>>> print(open('data_13.pdb').read())   # PDB, C-alpha atoms and all ligand atoms
ATOM      1  CA  MET X  11       0.000   0.000   0.000  1.00  0.00           C
ATOM      2  CA  ASN X  12       1.238   3.466  -0.845  1.00  0.00           C
ATOM      3  CA  GLN X  13       1.173   5.173   2.562  1.00  0.00           C
ATOM      4  CA  LYS X  14       1.706   8.677   1.232  1.00  0.00           C
ATOM      5  CA  ARG X  15      -1.182   8.309  -1.217  1.00  0.00           C
ATOM      6  CA  GLU X  16      -3.497   6.784   1.394  1.00  0.00           C
ATOM      7  CA  ALA X  17      -2.676   9.584   3.854  1.00  0.00           C
ATOM      8  CA  ALA X  18      -3.537  12.153   1.163  1.00  0.00           C
ATOM      9  CA  VAL X  19      -6.826  10.332   0.429  1.00  0.00           C
ATOM     10  CA  SER X  20      -7.763  10.248   4.099  1.00  0.00           C
ATOM     11  CA  ASN X  21      -6.793  13.899   4.683  1.00  0.00           C
ATOM     12  CA  ASN X  22      -8.819  15.092   1.697  1.00  0.00           C
ATOM     13  CA  LEU X  23     -11.883  13.134   2.789  1.00  0.00           C
ATOM     14  CA  LYS X  24     -11.680  14.730   6.246  1.00  0.00           C
ATOM     15  CA  ARG X  25     -10.857  18.193   5.011  1.00  0.00           C
ATOM     16  CA  TYR X  26     -13.619  18.500   2.418  1.00  0.00           C
ATOM     17  CA  GLY X  27     -16.148  15.872   3.456  1.00  0.00           C
ATOM     18  CA  GLN X  28     -16.203  15.494   7.250  1.00  0.00           C
ATOM     19  CA  HIS X  29     -19.448  17.509   7.504  1.00  0.00           C
ATOM     20  CA  ILE X  30     -21.097  14.995   5.141  1.00  0.00           C
ATOM     21  CA  ILE X  31     -19.623  11.918   6.857  1.00  0.00           C
ATOM     22  CA  ASP X  32     -20.832  13.240  10.239  1.00  0.00           C
ATOM     23  CA  SER X  33     -24.415  13.797   9.036  1.00  0.00           C
ATOM     24  CA  ALA X  34     -27.410  11.709  10.128  1.00  0.00           C
ATOM     25  CA  GLU X  35     -28.114  11.006   6.435  1.00  0.00           C
ATOM     26  CA  PHE X  36     -24.660   9.503   5.931  1.00  0.00           C
ATOM     27  CA  ALA X  37     -24.985   7.397   9.106  1.00  0.00           C
ATOM     28  CA  GLU X  38     -28.166   5.906   7.623  1.00  0.00           C
ATOM     29  CA  THR X  39     -26.271   4.653   4.569  1.00  0.00           C
ATOM     30  CA  PHE X  40     -24.658   1.948   6.710  1.00  0.00           C
ATOM     31  CA  SER X  41     -28.034   0.300   7.325  1.00  0.00           C
ATOM     32  CA  GLN X  42     -29.064   0.361   3.648  1.00  0.00           C
ATOM     33  CA  THR X  43     -27.887  -2.689   1.718  1.00  0.00           C
ATOM     34  CA  HIS X  44     -26.309  -2.247  -1.702  1.00  0.00           C
ATOM     35  CA  HIS X  45     -24.967  -4.612  -4.369  1.00  0.00           C
ATOM     36  CA  ILE X  46     -26.208  -7.598  -2.339  1.00  0.00           C
ATOM     37  CA  ASP X  47     -23.576  -7.908   0.378  1.00  0.00           C
ATOM     38  CA  THR X  48     -22.412  -4.368   1.037  1.00  0.00           C
ATOM     39  CA  THR X  49     -24.042  -1.175   2.292  1.00  0.00           C
ATOM     40  CA  VAL X  50     -24.506   2.164   0.584  1.00  0.00           C
ATOM     41  CA  GLY X  51     -22.110   3.600   3.197  1.00  0.00           C
ATOM     42  CA  ASP X  52     -19.314   1.119   2.532  1.00  0.00           C
ATOM     43  CA  HIS X  53     -19.797   1.446  -1.236  1.00  0.00           C
ATOM     44  CA  THR X  54     -19.723   5.252  -0.943  1.00  0.00           C
ATOM     45  CA  LEU X  55     -16.473   5.285   1.027  1.00  0.00           C
ATOM     46  CA  TYR X  56     -14.947   2.808  -1.438  1.00  0.00           C
ATOM     47  CA  VAL X  57     -15.989   4.993  -4.410  1.00  0.00           C
ATOM     48  CA  SER X  58     -14.782   8.190  -2.698  1.00  0.00           C
ATOM     49  CA  LYS X  59     -11.360   6.731  -1.904  1.00  0.00           C
ATOM     50  CA  THR X  60     -11.048   5.266  -5.413  1.00  0.00           C
ATOM     51  CA  SER X  61     -11.958   8.640  -6.965  1.00  0.00           C
ATOM     52  CA  LEU X  62      -9.287  10.343  -4.865  1.00  0.00           C
ATOM     53  CA  ARG X  63      -6.702   7.702  -5.808  1.00  0.00           C
ATOM     54  CA  ILE X  64      -7.437   8.431  -9.492  1.00  0.00           C
ATOM     55  CA  CYS X  65      -6.949  12.171  -8.790  1.00  0.00           C
ATOM     56  CA  TYR X  66      -3.661  11.389  -7.063  1.00  0.00           C
ATOM     57  CA  TYR X  67      -2.372   9.560 -10.157  1.00  0.00           C
ATOM     58  CA  LEU X  68      -3.660  12.258 -12.512  1.00  0.00           C
ATOM     59  CA  ASN X  69      -1.860  14.855 -10.419  1.00  0.00           C
ATOM     60  CA  LYS X  70       1.381  12.963 -11.013  1.00  0.00           C
ATOM     61  CA  LEU X  71       0.702  13.439 -14.736  1.00  0.00           C
ATOM     62  CA  HIS X  72       0.171  17.167 -14.053  1.00  0.00           C
ATOM     63  CA  ILE X  73      -3.556  16.861 -14.675  1.00  0.00           C
ATOM     64  CA  HIS X  74      -5.302  19.087 -12.161  1.00  0.00           C
ATOM     65  CA  THR X  75      -8.609  18.087 -10.575  1.00  0.00           C
ATOM     66  CA  GLU X  76     -10.875  19.945  -8.157  1.00  0.00           C
ATOM     67  CA  ILE X  77     -10.462  17.775  -5.071  1.00  0.00           C
ATOM     68  CA  PRO X  78     -13.251  19.431  -2.993  1.00  0.00           C
ATOM     69  CA  ASP X  79     -15.743  18.699  -5.795  1.00  0.00           C
ATOM     70  CA  VAL X  80     -14.546  15.091  -6.113  1.00  0.00           C
ATOM     71  CA  VAL X  81     -14.961  14.577  -2.360  1.00  0.00           C
ATOM     72  CA  VAL X  82     -18.428  16.159  -2.098  1.00  0.00           C
ATOM     73  CA  GLY X  83     -19.669  14.576  -5.340  1.00  0.00           C
ATOM     74  CA  SER X  84     -18.489  11.076  -4.529  1.00  0.00           C
ATOM     75  CA  LEU X  85     -19.669  11.167  -0.886  1.00  0.00           C
ATOM     76  CA  CYS X  86     -23.134  12.325  -1.980  1.00  0.00           C
ATOM     77  CA  HIS X  87     -23.611  10.397  -5.243  1.00  0.00           C
ATOM     78  CA  ASP X  88     -25.775   7.608  -3.777  1.00  0.00           C
ATOM     79  CA  LEU X  89     -27.406   9.359  -0.795  1.00  0.00           C
ATOM     80  CA  GLY X  90     -30.665   9.330  -2.776  1.00  0.00           C
ATOM     81  CA  ILE X  91     -30.781   5.556  -2.315  1.00  0.00           C
ATOM     82  CA  ILE X  92     -31.600   6.014   1.397  1.00  0.00           C
ATOM     83  CA  GLY X  93     -35.181   4.865   1.948  1.00  0.00           C
ATOM     84  CA  ARG X  94     -35.159   2.979  -1.362  1.00  0.00           C
ATOM     85  CA  ASP X  95     -37.704   0.342  -0.292  1.00  0.00           C
ATOM     86  CA  VAL X  96     -40.268   2.970   0.659  1.00  0.00           C
ATOM     87  CA  LYS X  97     -39.883   5.563  -2.069  1.00  0.00           C
ATOM     88  CA  PHE X  98     -39.122   3.491  -5.182  1.00  0.00           C
ATOM     89  CA  SER X  99     -41.521   0.884  -6.533  1.00  0.00           C
ATOM     90  CA  SER X 100     -38.903  -0.997  -8.574  1.00  0.00           C
ATOM     91  CA  LYS X 101     -35.174  -1.433  -9.049  1.00  0.00           C
ATOM     92  CA  ARG X 102     -35.508   0.334 -12.360  1.00  0.00           C
ATOM     93  CA  GLU X 103     -37.095   3.366 -10.729  1.00  0.00           C
ATOM     94  CA  CYS X 104     -34.321   3.456  -8.120  1.00  0.00           C
ATOM     95  CA  TYR X 105     -31.688   3.151 -10.862  1.00  0.00           C
ATOM     96  CA  ARG X 106     -33.264   6.032 -12.792  1.00  0.00           C
ATOM     97  CA  ASP X 107     -34.263   8.395  -9.992  1.00  0.00           C
ATOM     98  CA  HIS X 108     -31.721   8.049  -7.176  1.00  0.00           C
ATOM     99  CA  PRO X 109     -29.191  10.498  -8.702  1.00  0.00           C
ATOM    100  CA  SER X 110     -31.639  13.440  -8.645  1.00  0.00           C
ATOM    101  CA  ASP X 111     -32.665  12.504  -5.084  1.00  0.00           C
ATOM    102  CA  SER X 112     -28.956  12.437  -4.209  1.00  0.00           C
ATOM    103  CA  VAL X 113     -28.654  16.018  -5.490  1.00  0.00           C
ATOM    104  CA  GLU X 114     -31.427  17.088  -3.084  1.00  0.00           C
ATOM    105  CA  VAL X 115     -29.663  15.469  -0.109  1.00  0.00           C
ATOM    106  CA  ALA X 116     -26.331  16.959  -1.234  1.00  0.00           C
ATOM    107  CA  ARG X 117     -27.868  20.455  -1.319  1.00  0.00           C
ATOM    108  CA  LYS X 118     -29.064  20.001   2.241  1.00  0.00           C
ATOM    109  CA  LEU X 119     -25.721  18.739   3.556  1.00  0.00           C
ATOM    110  CA  HIS X 120     -23.576  21.053   1.458  1.00  0.00           C
ATOM    111  CA  PRO X 121     -25.545  24.250   0.729  1.00  0.00           C
ATOM    112  CA  ASP X 122     -22.725  25.680  -1.417  1.00  0.00           C
ATOM    113  CA  LEU X 123     -23.029  22.819  -3.925  1.00  0.00           C
ATOM    114  CA  ASN X 124     -21.586  24.160  -7.174  1.00  0.00           C
ATOM    115  CA  ALA X 125     -22.801  23.401 -10.692  1.00  0.00           C
ATOM    116  CA  ARG X 126     -19.976  20.986 -11.501  1.00  0.00           C
ATOM    117  CA  THR X 127     -20.560  18.891  -8.366  1.00  0.00           C
ATOM    118  CA  GLU X 128     -24.315  18.871  -8.953  1.00  0.00           C
ATOM    119  CA  LYS X 129     -23.743  17.528 -12.470  1.00  0.00           C
ATOM    120  CA  MET X 130     -21.290  14.922 -11.146  1.00  0.00           C
ATOM    121  CA  ILE X 131     -24.006  13.548  -8.854  1.00  0.00           C
ATOM    122  CA  ARG X 132     -26.928  13.934 -11.268  1.00  0.00           C
ATOM    123  CA  HIS X 133     -25.155  12.148 -14.142  1.00  0.00           C
ATOM    124  CA  HIS X 134     -23.003   9.615 -12.277  1.00  0.00           C
ATOM    125  CA  MET X 135     -24.941   6.744 -13.880  1.00  0.00           C
ATOM    126  CA  TRP X 136     -23.681   7.797 -17.331  1.00  0.00           C
ATOM    127  CA  PRO X 137     -23.901   6.301 -19.954  1.00  0.00           C
ATOM    128  CA  TYR X 138     -27.218   4.939 -18.591  1.00  0.00           C
ATOM    129  CA  THR X 139     -28.260   8.576 -18.173  1.00  0.00           C
ATOM    130  CA  LEU X 140     -27.773   9.979 -21.630  1.00  0.00           C
ATOM    131  CA  LYS X 141     -26.451  13.310 -20.364  1.00  0.00           C
ATOM    132  CA  SER X 142     -22.785  13.077 -19.467  1.00  0.00           C
ATOM    133  CA  PRO X 143     -21.333  14.553 -16.257  1.00  0.00           C
ATOM    134  CA  GLY X 144     -19.413  17.048 -18.378  1.00  0.00           C
ATOM    135  CA  SER X 145     -16.199  17.384 -16.352  1.00  0.00           C
ATOM    136  CA  LYS X 146     -13.019  15.449 -15.563  1.00  0.00           C
ATOM    137  CA  GLU X 147     -14.234  15.139 -11.988  1.00  0.00           C
ATOM    138  CA  GLY X 148     -17.551  13.739 -13.185  1.00  0.00           C
ATOM    139  CA  TYR X 149     -15.881  11.102 -15.363  1.00  0.00           C
ATOM    140  CA  ILE X 150     -13.610  10.151 -12.466  1.00  0.00           C
ATOM    141  CA  LEU X 151     -16.714   9.473 -10.367  1.00  0.00           C
ATOM    142  CA  VAL X 152     -18.322   7.473 -13.216  1.00  0.00           C
ATOM    143  CA  VAL X 153     -15.214   5.286 -13.553  1.00  0.00           C
ATOM    144  CA  ALA X 154     -14.729   4.837  -9.788  1.00  0.00           C
ATOM    145  CA  ASP X 155     -18.413   3.985  -9.272  1.00  0.00           C
ATOM    146  CA  LYS X 156     -18.419   1.363 -12.061  1.00  0.00           C
ATOM    147  CA  TYR X 157     -15.101  -0.109 -10.911  1.00  0.00           C
ATOM    148  CA  CYS X 158     -16.239  -0.429  -7.285  1.00  0.00           C
ATOM    149  CA  SER X 159     -19.650  -1.817  -8.292  1.00  0.00           C
ATOM    150  CA  ILE X 160     -17.996  -4.494 -10.459  1.00  0.00           C
ATOM    151  CA  ARG X 161     -15.571  -5.400  -7.640  1.00  0.00           C
ATOM    152  CA  GLU X 162     -18.499  -5.653  -5.220  1.00  0.00           C
ATOM    153  CA  GLY X 163     -20.421  -7.827  -7.685  1.00  0.00           C
ATOM    154  CA  MET X 164     -17.391 -10.064  -8.284  1.00  0.00           C
ATOM    155  CA  ARG X 165     -17.019 -10.567  -4.537  1.00  0.00           C
ATOM    156  CA  VAL X 166     -20.606 -11.869  -4.383  1.00  0.00           C
ATOM    157  CA  ILE X 167     -20.055 -14.227  -7.345  1.00  0.00           C
ATOM    158  CA  LYS X 168     -16.804 -15.518  -5.818  1.00  0.00           C
ATOM    159  CA  LYS X 169     -18.474 -16.114  -2.451  1.00  0.00           C
ATOM    160  CA  ARG X 170     -21.358 -17.990  -4.081  1.00  0.00           C
ATOM    161  CA  LEU X 171     -18.985 -20.167  -6.093  1.00  0.00           C
ATOM    162  CA  ILE X 172     -16.943 -21.001  -2.987  1.00  0.00           C
ATOM    163  CA  ASP X 173     -20.167 -21.864  -1.095  1.00  0.00           C
ATOM    164  CA  LYS X 174     -21.306 -24.081  -3.985  1.00  0.00           C
ATOM    165  CA  PHE X 175     -18.167 -26.170  -4.386  1.00  0.00           C
TER
HETATM  166 FE    FE T   1     -25.631   5.428  -8.028  1.00  0.00          FE
HETATM  167 FE    FE T   2     -22.538   4.270  -6.486  1.00  0.00          FE
END
>>> encode(input="data_13.pdb", output="structure tokens", more="lines below")
Ligand SMILES: [Fe+2]
Ligand SMILES: [Fe+2]
Amino acid sequence: MNQKREAAVSNNLKRYGQHIIDSAEFAETFSQTHHIDTTVGDHTLYVSKTSLRICYYLNKLHIHTEIPDVVVGSLCHDLGIIGRDVKFSSKRECYRDHPSDSVEVARKLHPDLNARTEKMIRHHMWPYTLKSPGSKEGYILVVADKYCSIREGMRVIKKRLIDKF
């Protein structure tokens, strides 16, 4: 593990996202299941750290990213999933509508939400949502979210195969 990189990831999460992590809404994410054997909270932290690791590598290539936006966008991207079983009537509806609900929660937790971060959250399901996130930071979140979701899915498949044989 790269200790310097992990320290930078952890410091950035605290510096720009502690107010979100400390919120009652974020605490609720740890009781909402996601991708079968994880929670929205664990998935969110995984995506946020992965997004920041991508920024760290891009920075080494002299590609600048807005770290505060990456932190706020990634920590808030799935907060609209909270209460899924009550407010959505199907998986499809949740898939389609949770990003705009996440924007509403993000506005509450981070009143200074800027346009770029709002777009990151609203279009993080791209290319499923036809509109793209429109920024480097938004594409970083798209990639990190897909990567983490696939890893989470693979873990379930692996576990089921081990249980079977
Ligand atoms: Fe999502
Ligand atoms: Fe996600």
>>> resolve_selection(input="data_13.pdb", expression="the PyMOL selection byres (((not hetatm)) within 10 of (chain T and resi 2))", output="PyMOL selection string")
chain X and resi 44-45+50-51+53-58+84-89+91+108-109+131+134-135+151-152+154-159
>>> atom_distance(input="data_13.pdb", atom1="atom FE of ligand FE 1 (chain T)", atom2="CA of Asp32 (chain X)")
20.4 Å
>>> resolve_selection(input="data_13.pdb", expression="the PyMOL selection byres (((chain X and resi 66-68) around 12) and not hetatm)", output="list in words")
Asn12, Lys14, Arg15, Glu16, Ala17, Ala18, Val19, Ser20, Asn22, Lys59, Thr60, Ser61, Leu62, Arg63, Ile64, Cys65, Asn69, Lys70, Leu71, His72, Ile73, His74, Thr75, Glu76, Ile77, Val80, Lys146, Glu147 and Ile150 of chain X
>>> closest_residue(input="data_13.pdb", among="X:Arg161, X:Lys169, X:Arg132, X:Lys118", to="ligand FE 1 (chain T)", atoms="all atoms listed in the file")
X:Arg132
>>> closest_residue(input="data_13.pdb", among="X:Ala34, X:Leu23, X:Cys104, X:Val166", to="ligand FE 1 (chain T)", atoms="only C-alpha atoms and all ligand atoms")
X:Cys104
>>> atom_distance(input="data_13.pdb", atom1="CA of Gly83 (chain X)", atom2="CA of Met130 (chain X)")
6.0 Å
>>> residues_near_point(input="data_13.pdb", point="(-23.2, -6.9, 0.0)", cutoff="9 Å", atoms="all atoms listed in the file", output="mmCIF file with C-alpha atoms, keeping the file's coordinate frame")
data_model
loop_
_atom_site.group_PDB
_atom_site.id
_atom_site.type_symbol
_atom_site.label_atom_id
_atom_site.label_comp_id
_atom_site.auth_asym_id
_atom_site.auth_seq_id
_atom_site.Cartn_x
_atom_site.Cartn_y
_atom_site.Cartn_z
ATOM 1 C CA THR X 43 -27.887 -2.689 1.718
ATOM 2 C CA HIS X 44 -26.309 -2.247 -1.702
ATOM 3 C CA HIS X 45 -24.967 -4.612 -4.369
ATOM 4 C CA ILE X 46 -26.208 -7.598 -2.339
ATOM 5 C CA ASP X 47 -23.576 -7.908 0.378
ATOM 6 C CA THR X 48 -22.412 -4.368 1.037
ATOM 7 C CA THR X 49 -24.042 -1.175 2.292
ATOM 8 C CA GLU X 162 -18.499 -5.653 -5.220
ATOM 9 C CA GLY X 163 -20.421 -7.827 -7.685
ATOM 10 C CA ARG X 165 -17.019 -10.567 -4.537
ATOM 11 C CA VAL X 166 -20.606 -11.869 -4.383
#
>>> closest_residue(input="data_13.pdb", among="X:Lys24, X:Arg106, X:Arg126, X:His120", to="Gly90 (chain X)", atoms="all atoms listed in the file")
X:Arg106
